[in-house]
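Right, one structure below, let's go through it.
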Amino acid sequence: MTANTIDHNRARYNFEGIESVWLFGYGSLIYKVDFPFLEQRPATIRGWARRFWQGSHDHRGTPEAPGRVVTLIEQPGARCKGMAYRVSPNVFEYLDVREKNGYLRFSTTMTFDDGSHAEGLVYIATEDNEAFLGEAPEADIAAQIAAAAGPSGPNSEYLLRLAESLRALGDDCVHTFAIETHLLGSEPVAVKDR
């Protein structure tokens, strides 16, 4: 699959007659909320783990030196904490462009902090997209993040803001925090990016 997924996503869902849709964010959608929403609630999805396995050639890196951003990997028993937004379907006109580098929209069941559930959509970069980088040692991921920057800024800023946001949500994402520890251990100046 090509990295640019705009057309794929627009063909996947018909929003005709639908007034609002829940969207689950687990990466930059938690802290970079540059789209209108009707409601915002912390939520969790099950069976998925957050991993820095997706390449960023358009936001946090370049085609020559891609950064790393998060996607979700199926993992039985896993829980991924994030933020859910109830949005008007027309918001996807913008989000499909923002999330175009390998991400497809999938349906998911979200559990809110009060125990209630809702069906919604989530962007996931699957391993068959051209920008997928896959698994690597966390120290190597941190080194790649430390060296990468793109039109949206340094890749380290993405990592540090995500880690800060996950702590605010009360999430203990071992993978994200391990990469953050490696990054700060090798490049303390990155703290300025927060």
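Letters A, B, ... go to the chains of the structure tokens in the order shown; residues in each chain start at 1; ligands are counted from 1 in the same order.
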Listing only residues of stretch 103-182 of chain A within 7 Å of stretch 67-89 of chain A, what is the closest atom pair and its distance in Å (to one decimal) for each, using only C-alpha atoms, sorted by chain and residue number ascending, as CSV?
```
residue,atom,partner,partner_atom,distance
A:Ile124,CA,A:Thr71,CA,5.6
A:Ala125,CA,A:Thr71,CA,5.6
A:Gln144,CA,A:Gly67,CA,6.5
A:Ile145,CA,A:Gly67,CA,5.6
A:Ala148,CA,A:Gly67,CA,5.0
A:Ala149,CA,A:Gly67,CA,6.7
A:Asn155,CA,A:Gly67,CA,5.9
A:Asp171,CA,A:Lys81,CA,6.2
```
Please give the complete set of residues from stretch 4-161 of chain A that DSSP, run on the backbone, assigns to helix (DSSP H, G or I), formatted as number ranges by chain. A: 6-12, 28-31, 89-98, 138-147, 155-161
Residues of the last selection are to be written out with N, CA, C and O atoms, as a short mmCIF file (atom, residue, chain, number, x, y, z; two decimals), in the first residue's frame.
```
data_model
loop_
_atom_site.label_atom_id
_atom_site.label_comp_id
_atom_site.auth_asym_id
_atom_site.auth_seq_id
_atom_site.Cartn_x
_atom_site.Cartn_y
_atom_site.Cartn_z
N ILE A 6 -5.00 9.07 1.76
CA ILE A 6 -6.18 9.96 1.73
C ILE A 6 -7.33 9.31 0.97
O ILE A 6 -8.45 9.20 1.49
N ASP A 7 -7.09 8.89 -0.27
CA ASP A 7 -8.16 8.33 -1.09
C ASP A 7 -8.70 7.03 -0.50
O ASP A 7 -9.91 6.78 -0.54
N HIS A 8 -7.82 6.19 0.05
CA HIS A 8 -8.27 4.94 0.69
C HIS A 8 -9.26 5.25 1.81
O HIS A 8 -10.31 4.62 1.91
N ASN A 9 -8.91 6.20 2.67
CA ASN A 9 -9.78 6.51 3.81
C ASN A 9 -11.11 7.10 3.37
O ASN A 9 -12.15 6.77 3.94
N ARG A 10 -11.11 7.93 2.36
CA ARG A 10 -12.36 8.57 1.92
C ARG A 10 -13.29 7.56 1.28
O ARG A 10 -14.50 7.77 1.25
N ALA A 11 -12.75 6.45 0.78
CA ALA A 11 -13.59 5.42 0.17
C ALA A 11 -14.07 4.39 1.20
O ALA A 11 -14.97 3.60 0.91
N ARG A 12 -13.50 4.38 2.40
CA ARG A 12 -13.79 3.34 3.38
C ARG A 12 -15.09 3.54 4.15
O ARG A 12 -15.69 2.59 4.63
N SER A 28 -0.21 11.88 18.59
CA SER A 28 -0.27 13.34 18.58
C SER A 28 -1.70 13.86 18.67
O SER A 28 -1.92 15.02 19.05
N LEU A 29 -2.69 13.03 18.35
CA LEU A 29 -4.08 13.47 18.50
C LEU A 29 -4.45 13.71 19.96
O LEU A 29 -5.45 14.35 20.25
N ILE A 30 -3.64 13.23 20.88
CA ILE A 30 -3.89 13.50 22.30
C ILE A 30 -3.53 14.95 22.63
O ILE A 30 -4.27 15.65 23.32
N TYR A 31 -2.39 15.42 22.14
CA TYR A 31 -1.91 16.74 22.56
C TYR A 31 -1.97 17.82 21.48
O TYR A 31 -1.92 19.00 21.79
N PRO A 89 -18.54 14.58 11.02
CA PRO A 89 -17.85 13.83 9.98
C PRO A 89 -16.99 14.69 9.05
O PRO A 89 -16.00 14.20 8.51
N ASN A 90 -17.33 15.96 8.89
CA ASN A 90 -16.54 16.80 7.98
C ASN A 90 -15.13 17.06 8.50
O ASN A 90 -14.25 17.47 7.75
N VAL A 91 -14.87 16.78 9.78
CA VAL A 91 -13.53 16.93 10.35
C VAL A 91 -12.55 15.96 9.68
O VAL A 91 -11.35 16.23 9.60
N PHE A 92 -13.07 14.84 9.17
CA PHE A 92 -12.19 13.85 8.52
C PHE A 92 -11.59 14.38 7.21
O PHE A 92 -10.57 13.88 6.76
N GLU A 93 -12.21 15.40 6.62
CA GLU A 93 -11.60 16.03 5.44
C GLU A 93 -10.20 16.53 5.79
O GLU A 93 -9.26 16.40 5.02
N TYR A 94 -10.06 17.12 6.97
CA TYR A 94 -8.75 17.61 7.45
C TYR A 94 -7.90 16.45 7.99
O TYR A 94 -6.72 16.32 7.66
N LEU A 95 -8.49 15.62 8.85
CA LEU A 95 -7.71 14.57 9.51
C LEU A 95 -7.16 13.54 8.53
O LEU A 95 -6.06 13.02 8.75
N ASP A 96 -7.88 13.24 7.46
CA ASP A 96 -7.36 12.30 6.47
C ASP A 96 -6.07 12.81 5.83
O ASP A 96 -5.20 12.02 5.47
N VAL A 97 -5.95 14.13 5.70
CA VAL A 97 -4.72 14.72 5.16
C VAL A 97 -3.63 14.71 6.23
O VAL A 97 -2.48 14.34 5.98
N ARG A 98 -3.98 15.09 7.45
CA ARG A 98 -3.00 15.09 8.55
C ARG A 98 -2.43 13.70 8.78
O ARG A 98 -1.23 13.54 9.04
N GLU A 138 14.60 -0.30 21.62
CA GLU A 138 14.14 1.03 22.05
C GLU A 138 15.26 2.06 22.03
O GLU A 138 15.03 3.23 21.71
N ALA A 139 16.51 1.65 22.31
CA ALA A 139 17.63 2.60 22.25
C ALA A 139 17.86 3.07 20.81
O ALA A 139 18.17 4.25 20.58
N ASP A 140 17.68 2.18 19.84
CA ASP A 140 17.83 2.55 18.43
C ASP A 140 16.71 3.48 17.98
O ASP A 140 16.93 4.42 17.21
N ILE A 141 15.50 3.19 18.45
CA ILE A 141 14.37 4.08 18.13
C ILE A 141 14.64 5.47 18.68
O ILE A 141 14.44 6.48 18.00
N ALA A 142 15.13 5.54 19.92
CA ALA A 142 15.45 6.84 20.53
C ALA A 142 16.51 7.58 19.74
O ALA A 142 16.42 8.80 19.54
N ALA A 143 17.53 6.87 19.26
CA ALA A 143 18.59 7.51 18.48
C ALA A 143 18.04 8.06 17.17
O ALA A 143 18.41 9.17 16.74
N GLN A 144 17.16 7.31 16.53
CA GLN A 144 16.55 7.79 15.28
C GLN A 144 15.69 9.02 15.56
O GLN A 144 15.72 9.99 14.80
N ILE A 145 14.91 8.98 16.63
CA ILE A 145 14.07 10.13 17.00
C ILE A 145 14.92 11.35 17.30
O ILE A 145 14.60 12.47 16.90
N ALA A 146 16.04 11.17 18.00
CA ALA A 146 16.92 12.29 18.36
C ALA A 146 17.48 12.99 17.13
O ALA A 146 17.70 14.20 17.14
N ALA A 147 17.67 12.23 16.05
CA ALA A 147 18.30 12.78 14.85
C ALA A 147 17.31 13.33 13.83
O ALA A 147 17.71 14.01 12.89
N ASN A 155 11.48 15.43 15.92
CA ASN A 155 10.83 14.19 16.31
C ASN A 155 10.86 14.03 17.83
O ASN A 155 9.94 13.48 18.43
N SER A 156 11.91 14.54 18.47
CA SER A 156 12.00 14.45 19.94
C SER A 156 10.84 15.18 20.61
O SER A 156 10.35 14.74 21.65
N GLU A 157 10.39 16.28 20.03
CA GLU A 157 9.25 17.01 20.59
C GLU A 157 8.01 16.14 20.60
O GLU A 157 7.25 16.11 21.58
N TYR A 158 7.78 15.40 19.52
CA TYR A 158 6.64 14.49 19.44
C TYR A 158 6.70 13.48 20.58
O TYR A 158 5.72 13.26 21.30
N LEU A 159 7.85 12.83 20.76
CA LEU A 159 8.01 11.84 21.81
C LEU A 159 7.78 12.43 23.19
O LEU A 159 7.03 11.89 24.01
N LEU A 160 8.42 13.55 23.47
CA LEU A 160 8.33 14.14 24.81
C LEU A 160 6.94 14.66 25.13
O LEU A 160 6.45 14.49 26.25
N ARG A 161 6.27 15.26 24.14
CA ARG A 161 4.90 15.73 24.38
C ARG A 161 3.94 14.57 24.56
O ARG A 161 3.02 14.63 25.38
#
```
What does the structure give for the distance between atom CA of A:Thr181 and atom CA of A:Ser165, in Å to one decimal? 15.5 Å
With a distance cut-off of 10 Å and only C-alpha atoms, select the neighbouring residues of A:His175, excluding the residue or stretch itself and same-chain residues fewer than 6 positions from it, and output the selection as a PyMOL selection string. chain A and resi 49-52+138
Give the strand (DSSP E or B) residues of stretch 139-183 of chain A, as assigned by DSSP on the backbone, as a PyMOL selection string. chain A and resi 149-150+153-154
